[in-house]
$ cat my_file-v9.pdb   # PDB, C-alpha atoms and all ligand atoms
MODEL        1
ATOM      1  CA  MET A1114      37.212 -41.093  -1.736  1.00  0.00           C
ATOM      2  CA  LEU A1115      40.700 -40.830  -0.260  1.00  0.00           C
ATOM      3  CA  THR A1116      42.775 -37.867  -1.358  1.00  0.00           C
ATOM      4  CA  LEU A1117      46.498 -37.392  -0.956  1.00  0.00           C
ATOM      5  CA  SER A1118      47.749 -33.862  -1.417  1.00  0.00           C
ATOM      6  CA  GLY A1119      51.502 -33.303  -1.659  1.00  0.00           C
ATOM      7  CA  VAL A1120      52.239 -36.217   0.671  1.00  0.00           C
ATOM      8  CA  SER A1121      55.867 -36.970   1.509  1.00  0.00           C
ATOM      9  CA  LYS A1122      57.325 -39.445   3.986  1.00  0.00           C
ATOM     10  CA  SER A1123      60.907 -39.639   5.196  1.00  0.00           C
ATOM     11  CA  TYR A1124      62.570 -41.815   7.809  1.00  0.00           C
ATOM     12  CA  GLY A1125      65.382 -39.728   9.203  1.00  0.00           C
ATOM     13  CA  LYS A1126      67.106 -38.151   6.222  1.00  0.00           C
ATOM     14  CA  ARG A1127      65.883 -40.869   3.863  1.00  0.00           C
ATOM     15  CA  ALA A1128      62.990 -39.797   1.612  1.00  0.00           C
ATOM     16  CA  ILE A1129      60.664 -42.725   0.818  1.00  0.00           C
ATOM     17  CA  LEU A1130      57.654 -40.958  -0.721  1.00  0.00           C
ATOM     18  CA  THR A1131      57.923 -37.539  -2.361  1.00  0.00           C
ATOM     19  CA  ASP A1132      55.111 -35.094  -2.999  1.00  0.00           C
ATOM     20  CA  ILE A1133      52.368 -37.582  -3.884  1.00  0.00           C
ATOM     21  CA  SER A1134      48.991 -36.176  -4.933  1.00  0.00           C
ATOM     22  CA  HIS A1135      46.270 -38.614  -5.904  1.00  0.00           C
ATOM     23  CA  ASN A1136      42.555 -39.372  -5.550  1.00  0.00           C
ATOM     24  CA  PHE A1137      41.847 -42.992  -4.670  1.00  0.00           C
ATOM     25  CA  GLN A1138      38.369 -43.631  -6.016  1.00  0.00           C
ATOM     26  CA  SER A1139      35.815 -46.094  -4.665  1.00  0.00           C
ATOM     27  CA  GLY A1140      36.559 -49.611  -5.919  1.00  0.00           C
ATOM     28  CA  LEU A1141      39.842 -51.469  -6.340  1.00  0.00           C
ATOM     29  CA  ASN A1142      43.138 -49.579  -6.320  1.00  0.00           C
ATOM     30  CA  LEU A1143      46.181 -51.756  -6.771  1.00  0.00           C
ATOM     31  CA  LEU A1144      49.636 -50.561  -5.690  1.00  0.00           C
ATOM     32  CA  VAL A1145      52.458 -52.199  -7.623  1.00  0.00           C
ATOM     33  CA  GLY A1146      56.189 -51.534  -7.594  1.00  0.00           C
ATOM     34  CA  PRO A1147      59.522 -52.956  -6.521  1.00  0.00           C
ATOM     35  CA  SER A1148      60.311 -54.219  -3.052  1.00  0.00           C
ATOM     36  CA  GLY A1149      61.238 -51.335  -0.779  1.00  0.00           C
ATOM     37  CA  ALA A1150      59.492 -48.763  -2.996  1.00  0.00           C
ATOM     38  CA  GLY A1151      57.190 -47.593  -0.192  1.00  0.00           C
ATOM     39  CA  LYS A1152      53.901 -49.421  -0.820  1.00  0.00           C
ATOM     40  CA  SER A1153      53.509 -50.520   2.795  1.00  0.00           C
ATOM     41  CA  THR A1154      54.571 -47.072   3.951  1.00  0.00           C
ATOM     42  CA  LEU A1155      51.823 -45.526   1.826  1.00  0.00           C
ATOM     43  CA  LEU A1156      49.252 -47.956   3.278  1.00  0.00           C
ATOM     44  CA  ARG A1157      50.344 -47.039   6.816  1.00  0.00           C
ATOM     45  CA  LEU A1158      49.746 -43.372   6.013  1.00  0.00           C
ATOM     46  CA  CYS A1159      46.314 -44.128   4.516  1.00  0.00           C
ATOM     47  CA  SER A1160      45.307 -46.148   7.570  1.00  0.00           C
ATOM     48  CA  THR A1161      46.378 -43.464  10.114  1.00  0.00           C
ATOM     49  CA  VAL A1162      49.096 -45.703  11.587  1.00  0.00           C
ATOM     50  CA  GLU A1163      51.711 -43.116  10.607  1.00  0.00           C
ATOM     51  CA  LYS A1164      51.557 -39.433   9.707  1.00  0.00           C
ATOM     52  CA  PRO A1165      53.157 -37.952   6.604  1.00  0.00           C
ATOM     53  CA  SER A1166      56.309 -35.853   7.021  1.00  0.00           C
ATOM     54  CA  SER A1167      54.544 -33.203   4.945  1.00  0.00           C
ATOM     55  CA  GLY A1168      51.352 -32.889   2.910  1.00  0.00           C
ATOM     56  CA  LYS A1169      47.795 -33.869   3.801  1.00  0.00           C
ATOM     57  CA  LEU A1170      45.344 -36.738   3.486  1.00  0.00           C
ATOM     58  CA  PHE A1171      41.577 -36.271   3.175  1.00  0.00           C
ATOM     59  CA  TRP A1172      38.763 -38.773   3.611  1.00  0.00           C
ATOM     60  CA  ASN A1173      35.707 -37.618   1.674  1.00  0.00           C
ATOM     61  CA  ASP A1174      37.221 -34.115   1.577  1.00  0.00           C
ATOM     62  CA  LYS A1175      37.723 -33.964   5.371  1.00  0.00           C
ATOM     63  CA  PRO A1176      41.351 -33.677   6.526  1.00  0.00           C
ATOM     64  CA  TYR A1177      42.688 -36.670   8.458  1.00  0.00           C
ATOM     65  CA  SER A1178      43.680 -34.256  11.235  1.00  0.00           C
ATOM     66  CA  SER A1179      39.964 -33.688  11.954  1.00  0.00           C
ATOM     67  CA  VAL A1180      38.612 -37.235  11.377  1.00  0.00           C
ATOM     68  CA  ARG A1181      41.578 -39.396  12.452  1.00  0.00           C
ATOM     69  CA  LYS A1182      40.007 -40.841  15.615  1.00  0.00           C
ATOM     70  CA  LYS A1183      36.633 -41.513  14.020  1.00  0.00           C
ATOM     71  CA  LEU A1184      38.236 -42.969  10.901  1.00  0.00           C
ATOM     72  CA  ARG A1185      40.205 -45.458  13.005  1.00  0.00           C
ATOM     73  CA  PHE A1186      36.931 -47.113  13.990  1.00  0.00           C
ATOM     74  CA  GLU A1187      35.691 -47.107  10.414  1.00  0.00           C
ATOM     75  CA  LEU A1188      38.601 -48.265   8.304  1.00  0.00           C
ATOM     76  CA  GLY A1189      39.949 -51.768   7.870  1.00  0.00           C
ATOM     77  CA  TYR A1190      43.710 -52.264   7.772  1.00  0.00           C
ATOM     78  CA  ALA A1191      45.500 -55.537   7.133  1.00  0.00           C
ATOM     79  CA  PRO A1192      49.245 -54.982   7.725  1.00  0.00           C
ATOM     80  CA  GLN A1193      51.891 -56.922   5.803  1.00  0.00           C
ATOM     81  CA  ILE A1194      53.410 -58.263   9.029  1.00  0.00           C
ATOM     82  CA  VAL A1195      51.375 -58.903  12.186  1.00  0.00           C
ATOM     83  CA  ASP A1196      52.103 -60.599  15.480  1.00  0.00           C
ATOM     84  CA  LEU A1197      48.854 -62.369  16.236  1.00  0.00           C
ATOM     85  CA  PRO A1198      48.117 -63.465  19.803  1.00  0.00           C
ATOM     86  CA  GLN A1199      48.797 -67.191  20.078  1.00  0.00           C
ATOM     87  CA  ASP A1200      46.614 -68.267  22.950  1.00  0.00           C
ATOM     88  CA  VAL A1201      43.187 -67.192  21.692  1.00  0.00           C
ATOM     89  CA  THR A1202      41.017 -68.836  19.043  1.00  0.00           C
ATOM     90  CA  GLY A1203      40.279 -67.248  15.663  1.00  0.00           C
ATOM     91  CA  ILE A1204      36.763 -66.253  16.626  1.00  0.00           C
ATOM     92  CA  GLU A1205      37.915 -64.911  20.024  1.00  0.00           C
ATOM     93  CA  PHE A1206      40.460 -62.731  18.232  1.00  0.00           C
ATOM     94  CA  LEU A1207      37.786 -61.341  15.903  1.00  0.00           C
ATOM     95  CA  ALA A1208      35.413 -60.736  18.841  1.00  0.00           C
ATOM     96  CA  HIS A1209      38.191 -58.738  20.507  1.00  0.00           C
ATOM     97  CA  ILE A1210      38.798 -56.652  17.369  1.00  0.00           C
ATOM     98  CA  ALA A1211      35.031 -56.115  16.987  1.00  0.00           C
ATOM     99  CA  ALA A1212      34.916 -54.751  20.543  1.00  0.00           C
ATOM    100  CA  LEU A1213      37.873 -52.433  19.847  1.00  0.00           C
ATOM    101  CA  LYS A1214      36.135 -51.195  16.702  1.00  0.00           C
ATOM    102  CA  GLY A1215      32.996 -50.537  18.771  1.00  0.00           C
ATOM    103  CA  LEU A1216      30.910 -52.891  16.628  1.00  0.00           C
ATOM    104  CA  GLY A1217      27.592 -54.203  17.925  1.00  0.00           C
ATOM    105  CA  LYS A1218      26.239 -57.692  18.569  1.00  0.00           C
ATOM    106  CA  GLY A1219      25.842 -58.555  14.885  1.00  0.00           C
ATOM    107  CA  SER A1220      29.598 -58.474  14.532  1.00  0.00           C
ATOM    108  CA  ILE A1221      30.030 -62.044  15.841  1.00  0.00           C
ATOM    109  CA  THR A1222      27.620 -63.309  13.198  1.00  0.00           C
ATOM    110  CA  GLN A1223      29.544 -61.339  10.585  1.00  0.00           C
ATOM    111  CA  ALA A1224      32.868 -62.639  11.933  1.00  0.00           C
ATOM    112  CA  ASN A1225      31.660 -66.219  11.536  1.00  0.00           C
ATOM    113  CA  GLU A1226      30.429 -65.464   8.009  1.00  0.00           C
ATOM    114  CA  ILE A1227      33.784 -63.960   7.001  1.00  0.00           C
ATOM    115  CA  LEU A1228      35.685 -66.911   8.492  1.00  0.00           C
ATOM    116  CA  GLU A1229      33.418 -69.238   6.530  1.00  0.00           C
ATOM    117  CA  GLN A1230      33.947 -67.256   3.293  1.00  0.00           C
ATOM    118  CA  LEU A1231      37.709 -67.358   3.804  1.00  0.00           C
ATOM    119  CA  GLY A1232      37.670 -71.114   4.345  1.00  0.00           C
ATOM    120  CA  LEU A1233      38.495 -70.774   8.046  1.00  0.00           C
ATOM    121  CA  GLY A1234      35.120 -71.915   9.395  1.00  0.00           C
ATOM    122  CA  PRO A1235      36.292 -75.340  10.599  1.00  0.00           C
ATOM    123  CA  ASP A1236      39.243 -73.765  12.466  1.00  0.00           C
ATOM    124  CA  ALA A1237      37.416 -70.826  14.046  1.00  0.00           C
ATOM    125  CA  LYS A1238      37.457 -72.389  17.512  1.00  0.00           C
ATOM    126  CA  GLN A1239      41.077 -73.529  17.371  1.00  0.00           C
ATOM    127  CA  ARG A1240      43.841 -71.574  19.094  1.00  0.00           C
ATOM    128  CA  ILE A1241      45.915 -69.486  16.669  1.00  0.00           C
ATOM    129  CA  VAL A1242      49.144 -71.108  17.903  1.00  0.00           C
ATOM    130  CA  GLY A1243      48.316 -74.125  15.732  1.00  0.00           C
ATOM    131  CA  TRP A1244      47.427 -72.127  12.600  1.00  0.00           C
ATOM    132  CA  SER A1245      49.524 -72.106   9.422  1.00  0.00           C
ATOM    133  CA  GLY A1246      50.952 -68.957   7.822  1.00  0.00           C
ATOM    134  CA  GLY A1247      48.222 -68.899   5.173  1.00  0.00           C
ATOM    135  CA  MET A1248      45.494 -69.257   7.811  1.00  0.00           C
ATOM    136  CA  ARG A1249      46.958 -66.392   9.841  1.00  0.00           C
ATOM    137  CA  ARG A1250      47.145 -64.261   6.700  1.00  0.00           C
ATOM    138  CA  ARG A1251      43.422 -64.806   6.121  1.00  0.00           C
ATOM    139  CA  LEU A1252      42.640 -64.007   9.764  1.00  0.00           C
ATOM    140  CA  VAL A1253      44.452 -60.671   9.380  1.00  0.00           C
ATOM    141  CA  LEU A1254      42.255 -59.967   6.354  1.00  0.00           C
ATOM    142  CA  ALA A1255      39.146 -61.079   8.276  1.00  0.00           C
ATOM    143  CA  GLN A1256      39.738 -58.504  11.049  1.00  0.00           C
ATOM    144  CA  ALA A1257      40.086 -55.789   8.389  1.00  0.00           C
ATOM    145  CA  LEU A1258      36.775 -56.752   6.762  1.00  0.00           C
ATOM    146  CA  LEU A1259      34.868 -56.729  10.081  1.00  0.00           C
ATOM    147  CA  GLY A1260      32.273 -53.972  10.199  1.00  0.00           C
ATOM    148  CA  SER A1261      32.244 -53.621   6.381  1.00  0.00           C
ATOM    149  CA  PRO A1262      34.553 -50.554   6.341  1.00  0.00           C
ATOM    150  CA  LYS A1263      34.266 -47.938   3.607  1.00  0.00           C
ATOM    151  CA  LEU A1264      38.069 -47.684   3.485  1.00  0.00           C
ATOM    152  CA  LEU A1265      40.183 -50.836   3.262  1.00  0.00           C
ATOM    153  CA  ALA A1266      43.995 -50.813   3.205  1.00  0.00           C
ATOM    154  CA  LEU A1267      45.184 -54.366   2.523  1.00  0.00           C
ATOM    155  CA  ASP A1268      48.898 -55.153   2.465  1.00  0.00           C
ATOM    156  CA  GLU A1269      49.622 -58.434   0.642  1.00  0.00           C
ATOM    157  CA  PRO A1270      46.378 -60.194   1.634  1.00  0.00           C
ATOM    158  CA  THR A1271      47.051 -63.025  -0.840  1.00  0.00           C
ATOM    159  CA  ALA A1272      50.651 -63.767   0.203  1.00  0.00           C
ATOM    160  CA  GLU A1273      51.419 -67.286   1.435  1.00  0.00           C
ATOM    161  CA  LEU A1274      48.222 -68.661  -0.108  1.00  0.00           C
ATOM    162  CA  ASP A1275      47.921 -71.437  -2.671  1.00  0.00           C
ATOM    163  CA  ARG A1276      46.401 -70.460  -6.007  1.00  0.00           C
ATOM    164  CA  GLU A1277      42.897 -71.683  -5.225  1.00  0.00           C
ATOM    165  CA  THR A1278      42.735 -70.039  -1.797  1.00  0.00           C
ATOM    166  CA  ALA A1279      44.231 -66.819  -3.180  1.00  0.00           C
ATOM    167  CA  LYS A1280      41.477 -66.741  -5.822  1.00  0.00           C
ATOM    168  CA  ARG A1281      38.827 -67.209  -3.148  1.00  0.00           C
ATOM    169  CA  VAL A1282      40.330 -64.411  -1.058  1.00  0.00           C
ATOM    170  CA  SER A1283      40.678 -62.042  -4.020  1.00  0.00           C
ATOM    171  CA  ASP A1284      37.066 -62.691  -5.033  1.00  0.00           C
ATOM    172  CA  LEU A1285      35.952 -61.674  -1.542  1.00  0.00           C
ATOM    173  CA  ILE A1286      38.074 -58.504  -1.707  1.00  0.00           C
ATOM    174  CA  SER A1287      36.647 -57.673  -5.145  1.00  0.00           C
ATOM    175  CA  HIS A1288      33.159 -58.105  -3.705  1.00  0.00           C
ATOM    176  CA  ALA A1289      33.975 -55.798  -0.761  1.00  0.00           C
ATOM    177  CA  SER A1290      35.265 -53.184  -3.215  1.00  0.00           C
ATOM    178  CA  LYS A1291      31.747 -52.745  -4.661  1.00  0.00           C
ATOM    179  CA  SER A1292      30.939 -50.603  -1.636  1.00  0.00           C
ATOM    180  CA  ALA A1293      34.355 -49.399  -0.450  1.00  0.00           C
ATOM    181  CA  THR A1294      37.581 -47.694  -1.424  1.00  0.00           C
ATOM    182  CA  VAL A1295      40.082 -50.546  -1.396  1.00  0.00           C
ATOM    183  CA  ILE A1296      43.821 -49.921  -1.664  1.00  0.00           C
ATOM    184  CA  LEU A1297      45.895 -53.068  -1.775  1.00  0.00           C
ATOM    185  CA  THR A1298      49.223 -54.575  -2.637  1.00  0.00           C
ATOM    186  CA  THR A1299      49.403 -58.109  -3.997  1.00  0.00           C
ATOM    187  CA  HIS A1300      51.496 -60.329  -6.186  1.00  0.00           C
ATOM    188  CA  LEU A1301      48.272 -61.585  -7.733  1.00  0.00           C
ATOM    189  CA  SER A1302      47.773 -58.435  -9.805  1.00  0.00           C
ATOM    190  CA  GLU A1303      46.299 -60.162 -12.903  1.00  0.00           C
ATOM    191  CA  HIS A1304      43.170 -61.160 -11.032  1.00  0.00           C
ATOM    192  CA  PHE A1305      42.513 -57.635  -9.794  1.00  0.00           C
ATOM    193  CA  GLU A1306      43.381 -56.136 -13.176  1.00  0.00           C
ATOM    194  CA  ALA A1307      40.740 -58.409 -14.687  1.00  0.00           C
ATOM    195  CA  GLN A1308      38.307 -57.014 -12.089  1.00  0.00           C
ATOM    196  CA  GLY A1309      38.981 -53.496 -13.389  1.00  0.00           C
ATOM    197  CA  ALA A1310      41.320 -52.301 -10.644  1.00  0.00           C
ATOM    198  CA  ALA A1311      43.093 -48.962 -11.033  1.00  0.00           C
ATOM    199  CA  ILE A1312      46.791 -49.832 -11.237  1.00  0.00           C
ATOM    200  CA  LEU A1313      49.170 -47.428  -9.516  1.00  0.00           C
ATOM    201  CA  ARG A1314      52.916 -47.804  -9.597  1.00  0.00           C
ATOM    202  CA  VAL A1315      55.019 -46.766  -6.620  1.00  0.00           C
ATOM    203  CA  ALA A1316      58.661 -46.261  -7.596  1.00  0.00           C
ATOM    204  CA  ASP A1317      61.392 -43.702  -6.903  1.00  0.00           C
ATOM    205  CA  GLY A1318      59.166 -42.042  -4.323  1.00  0.00           C
ATOM    206  CA  VAL A1319      56.319 -41.212  -6.684  1.00  0.00           C
ATOM    207  CA  LEU A1320      52.936 -42.726  -7.540  1.00  0.00           C
ATOM    208  CA  THR A1321      52.140 -43.086 -11.229  1.00  0.00           C
ATOM    209  CA  PRO A1322      48.797 -44.283 -12.631  1.00  0.00           C
ATOM    210  CA  SER A1323      49.380 -46.904 -15.320  1.00  0.00           C
TER     211      SER A1323
HETATM  212  N1  LIG B1401      60.017 -47.434  10.341  1.00  0.00           N
HETATM  213  C1  LIG B1401      60.950 -47.323   9.388  1.00  0.00           C
HETATM  214  N2  LIG B1401      62.135 -46.762   9.648  1.00  0.00           N
HETATM  215  C2  LIG B1401      63.091 -46.610   8.695  1.00  0.00           C
HETATM  216  N3  LIG B1401      62.946 -47.020   7.427  1.00  0.00           N
HETATM  217  C3  LIG B1401      61.776 -47.599   7.100  1.00  0.00           C
HETATM  218  C4  LIG B1401      60.727 -47.796   8.055  1.00  0.00           C
HETATM  219  N4  LIG B1401      59.683 -48.395   7.432  1.00  0.00           N
HETATM  220  C5  LIG B1401      60.084 -48.570   6.159  1.00  0.00           C
HETATM  221  N5  LIG B1401      61.313 -48.102   5.963  1.00  0.00           N
HETATM  222  C6  LIG B1401      62.049 -48.099   4.680  1.00  0.00           C
HETATM  223  O1  LIG B1401      61.204 -47.518   3.721  1.00  0.00           O
HETATM  224  C7  LIG B1401      61.354 -48.163   2.462  1.00  0.00           C
HETATM  225  C8  LIG B1401      59.993 -48.599   1.951  1.00  0.00           C
HETATM  226  O2  LIG B1401      59.540 -49.690   2.729  1.00  0.00           O
HETATM  227  P1  LIG B1401      58.133 -50.361   2.475  1.00  0.00           P
HETATM  228  O3  LIG B1401      58.008 -51.465   3.473  1.00  0.00           O
HETATM  229  O4  LIG B1401      57.084 -49.328   2.480  1.00  0.00           O
HETATM  230  O5  LIG B1401      58.323 -50.942   0.995  1.00  0.00           O
HETATM  231  P2  LIG B1401      57.360 -51.892   0.160  1.00  0.00           P
HETATM  232  O6  LIG B1401      57.160 -51.260  -1.175  1.00  0.00           O
HETATM  233  O7  LIG B1401      56.155 -52.208   0.947  1.00  0.00           O
HETATM  234  O8  LIG B1401      58.263 -53.209  -0.016  1.00  0.00           O
HETATM  235  P3  LIG B1401      57.796 -54.756  -0.135  1.00  0.00           P
HETATM  236  O9  LIG B1401      57.286 -54.953  -1.544  1.00  0.00           O
HETATM  237  O10 LIG B1401      59.098 -55.505   0.102  1.00  0.00           O
HETATM  238  O11 LIG B1401      56.774 -55.035   0.911  1.00  0.00           O
HETATM  239  C9  LIG B1401      62.333 -49.302   2.683  1.00  0.00           C
HETATM  240  O12 LIG B1401      63.595 -48.902   2.247  1.00  0.00           O
HETATM  241  C10 LIG B1401      62.348 -49.494   4.179  1.00  0.00           C
HETATM  242  O13 LIG B1401      63.580 -49.955   4.617  1.00  0.00           O
HETATM  243 MG    MG B1402      55.406 -53.904   1.714  1.00  0.00          MG
ENDMDL
END

$ encode --input "my_file-v9.pdb" --output "structure tokens"
Amino acid sequence: MLTLSGVSKSYGKRAILTDISHNFQSGLNLLVGPSGAGKSTLLRLCSTVEKPSSGKLFWNDKPYSSVRKKLRFELGYAPQIVDLPQDVTGIEFLAHIAALKGLGKGSITQANEILEQLGLGPDAKQRIVGWSGGMRRRLVLAQALLGSPKLLALDEPTAELDRETAKRVSDLISHASKSATVILTTHLSEHFEAQGAAILRVADGVLTPS
């Protein structure tokens, strides 16, 4: 369980998130809201990439300040925008991420399985420079899923995907959410709603369950 207690985030004098308190339960948690509302900002806070301006986050009741380093190895974060390295292959990229996460030998097997599940199996040994936007998007999701994290923060994992591929990807995320706390943003909200996701609206700096 991820807990936010009085979390605020400002950039300079501009307040983006104001005094948010919420428990994100295990399973699917869907962030919706207008562009610029602060969804990605909230995901960056949850994934330790940024710190709140005030307030606290807790992972299983332990404050981020005491578990931040450990949590970084255990969570999966798929940012909305990523600059992937161009000169390595998909599987080489995942092997690199697995090493950074401190995952063991089984991680390469898992990486190949995830690539297969995401429909990237045939391209795994191709250099990323030749990959399409949708393929790169799925690779960003793949690195987040490596190591089967208990906390997944996924920013627009179904963007740039055709309907069929997006369905395949969202099914995989729904499956992962059986054993994890997943917080995601997506324009494919109907699918996740049908899967019983908690819907949370981010607007005017606050988070409202709906
Ligand atoms: N590093 C930063 N410095 C200054 N302002 C920022 C920074 N990051 C985000 N912002 C501002 O914070 C606000 C929220 O941005 P954020 O990317 O979190 O919105 P979002 O809800 O994810 O939008 P979208 O649906 O378009 O992805 C925006 O006004 C943005 O300009
Ligand atoms: Mg965003």

$ closest_atom_pairs --input "my_file-v9.pdb" --of "chain A" --to "ligand LIG 1401 (chain B)" --cutoff "6 Å" --atoms "only C-alpha atoms and all ligand atoms" --output "CSV"
residue,atom,partner,partner_atom,distance
A:Tyr1124,CA,B:LIG1401,C2,4.9
A:Ile1129,CA,B:LIG1401,O1,5.6
A:Pro1147,CA,B:LIG1401,O9,5.8
A:Ser1148,CA,B:LIG1401,O9,3.5
A:Gly1149,CA,B:LIG1401,O5,3.4
A:Ala1150,CA,B:LIG1401,O6,3.9
A:Gly1151,CA,B:LIG1401,O4,3.2
A:Lys1152,CA,B:LIG1401,O6,3.8
A:Ser1153,CA,B:LIG1401,O7,3.6
A:Thr1154,CA,B:LIG1401,O4,3.7

$ closest_residue --input "my_file-v9.pdb" --among "A:His1209, A:Arg1281, A:Lys1214, A:Arg1249" --to "A:Lys1183" --atoms "only C-alpha atoms"
A:Lys1214

$ resolve_selection --input "my_file-v9.pdb" --expression "the PyMOL selection byres (((chain A and resi 1308) around 10) and not hetatm)" --output "list of chain:residue names"
A:Gly1140, A:Leu1141, A:Ser1283, A:Asp1284, A:Ser1287, A:His1288, A:Ser1302, A:Glu1303, A:His1304, A:Phe1305, A:Glu1306, A:Ala1307, A:Gly1309, A:Ala1310, A:Ala1311

$ closest_residue --input "my_file-v9.pdb" --among "A:Ile1210, A:Ala1128, A:Leu1267, A:Ile1204" --to "ligand MG 1402 (chain B)" --atoms "all atoms listed in the file"
A:Leu1267

$ resolve_selection --input "my_file-v9.pdb" --expression "the PyMOL selection byres (((chain A and resi 1239) around 10) and not hetatm)" --output "JSON, numbers by chain"
{"A": [1200, 1201, 1202, 1203, 1204, 1205, 1235, 1236, 1237, 1238, 1240, 1241, 1242, 1243, 1244]}

$ resolve_selection --input "my_file-v9.pdb" --expression "the PyMOL selection byres (((chain A and resi 1143) around 6) and not hetatm)" --output "PyMOL selection string"
chain A and resi 1142+1144+1296-1298+1311-1313

$ build_atoms --input "my_file-v9.pdb" --residues "stretch 1135-1150 of chain A" --atoms "N, CA and C atoms" --output "PDB file, keeping the file's coordinate frame"
ATOM      1  N   HIS A1135      47.084 -37.634  -5.178  1.00  0.00           N
ATOM      2  CA  HIS A1135      46.270 -38.614  -5.904  1.00  0.00           C
ATOM      3  C   HIS A1135      44.898 -38.751  -5.243  1.00  0.00           C
ATOM      4  N   ASN A1136      43.880 -39.010  -6.063  1.00  0.00           N
ATOM      5  CA  ASN A1136      42.555 -39.372  -5.550  1.00  0.00           C
ATOM      6  C   ASN A1136      42.360 -40.870  -5.709  1.00  0.00           C
ATOM      7  N   PHE A1137      42.203 -41.578  -4.597  1.00  0.00           N
ATOM      8  CA  PHE A1137      41.847 -42.992  -4.670  1.00  0.00           C
ATOM      9  C   PHE A1137      40.328 -43.081  -4.706  1.00  0.00           C
ATOM     10  N   GLN A1138      39.820 -43.557  -5.850  1.00  0.00           N
ATOM     11  CA  GLN A1138      38.369 -43.631  -6.016  1.00  0.00           C
ATOM     12  C   GLN A1138      37.815 -44.890  -5.363  1.00  0.00           C
ATOM     13  N   SER A1139      36.504 -44.903  -5.157  1.00  0.00           N
ATOM     14  CA  SER A1139      35.815 -46.094  -4.665  1.00  0.00           C
ATOM     15  C   SER A1139      36.096 -47.255  -5.629  1.00  0.00           C
ATOM     16  N   GLY A1140      36.227 -48.451  -5.096  1.00  0.00           N
ATOM     17  CA  GLY A1140      36.559 -49.611  -5.919  1.00  0.00           C
ATOM     18  C   GLY A1140      37.971 -50.085  -5.628  1.00  0.00           C
ATOM     19  N   LEU A1141      38.521 -50.857  -6.550  1.00  0.00           N
ATOM     20  CA  LEU A1141      39.842 -51.469  -6.340  1.00  0.00           C
ATOM     21  C   LEU A1141      40.968 -50.570  -6.819  1.00  0.00           C
ATOM     22  N   ASN A1142      41.938 -50.334  -5.964  1.00  0.00           N
ATOM     23  CA  ASN A1142      43.138 -49.579  -6.320  1.00  0.00           C
ATOM     24  C   ASN A1142      44.336 -50.442  -5.961  1.00  0.00           C
ATOM     25  N   LEU A1143      45.093 -50.813  -6.974  1.00  0.00           N
ATOM     26  CA  LEU A1143      46.181 -51.756  -6.771  1.00  0.00           C
ATOM     27  C   LEU A1143      47.529 -51.040  -6.814  1.00  0.00           C
ATOM     28  N   LEU A1144      48.298 -51.148  -5.724  1.00  0.00           N
ATOM     29  CA  LEU A1144      49.636 -50.561  -5.690  1.00  0.00           C
ATOM     30  C   LEU A1144      50.643 -51.610  -6.138  1.00  0.00           C
ATOM     31  N   VAL A1145      51.396 -51.297  -7.177  1.00  0.00           N
ATOM     32  CA  VAL A1145      52.458 -52.199  -7.623  1.00  0.00           C
ATOM     33  C   VAL A1145      53.785 -51.445  -7.549  1.00  0.00           C
ATOM     34  N   GLY A1146      54.880 -52.187  -7.635  1.00  0.00           N
ATOM     35  CA  GLY A1146      56.189 -51.534  -7.594  1.00  0.00           C
ATOM     36  C   GLY A1146      57.190 -52.417  -6.903  1.00  0.00           C
ATOM     37  N   PRO A1147      58.467 -52.096  -7.066  1.00  0.00           N
ATOM     38  CA  PRO A1147      59.522 -52.956  -6.521  1.00  0.00           C
ATOM     39  C   PRO A1147      59.539 -53.014  -5.003  1.00  0.00           C
ATOM     40  N   SER A1148      60.143 -54.055  -4.497  1.00  0.00           N
ATOM     41  CA  SER A1148      60.311 -54.219  -3.052  1.00  0.00           C
ATOM     42  C   SER A1148      61.086 -53.029  -2.499  1.00  0.00           C
ATOM     43  N   GLY A1149      60.572 -52.481  -1.399  1.00  0.00           N
ATOM     44  CA  GLY A1149      61.238 -51.335  -0.779  1.00  0.00           C
ATOM     45  C   GLY A1149      60.831 -50.000  -1.365  1.00  0.00           C
ATOM     46  N   ALA A1150      59.879 -50.015  -2.320  1.00  0.00           N
ATOM     47  CA  ALA A1150      59.492 -48.763  -2.996  1.00  0.00           C
ATOM     48  C   ALA A1150      58.677 -47.840  -2.084  1.00  0.00           C
TER      49      ALA A1150
END
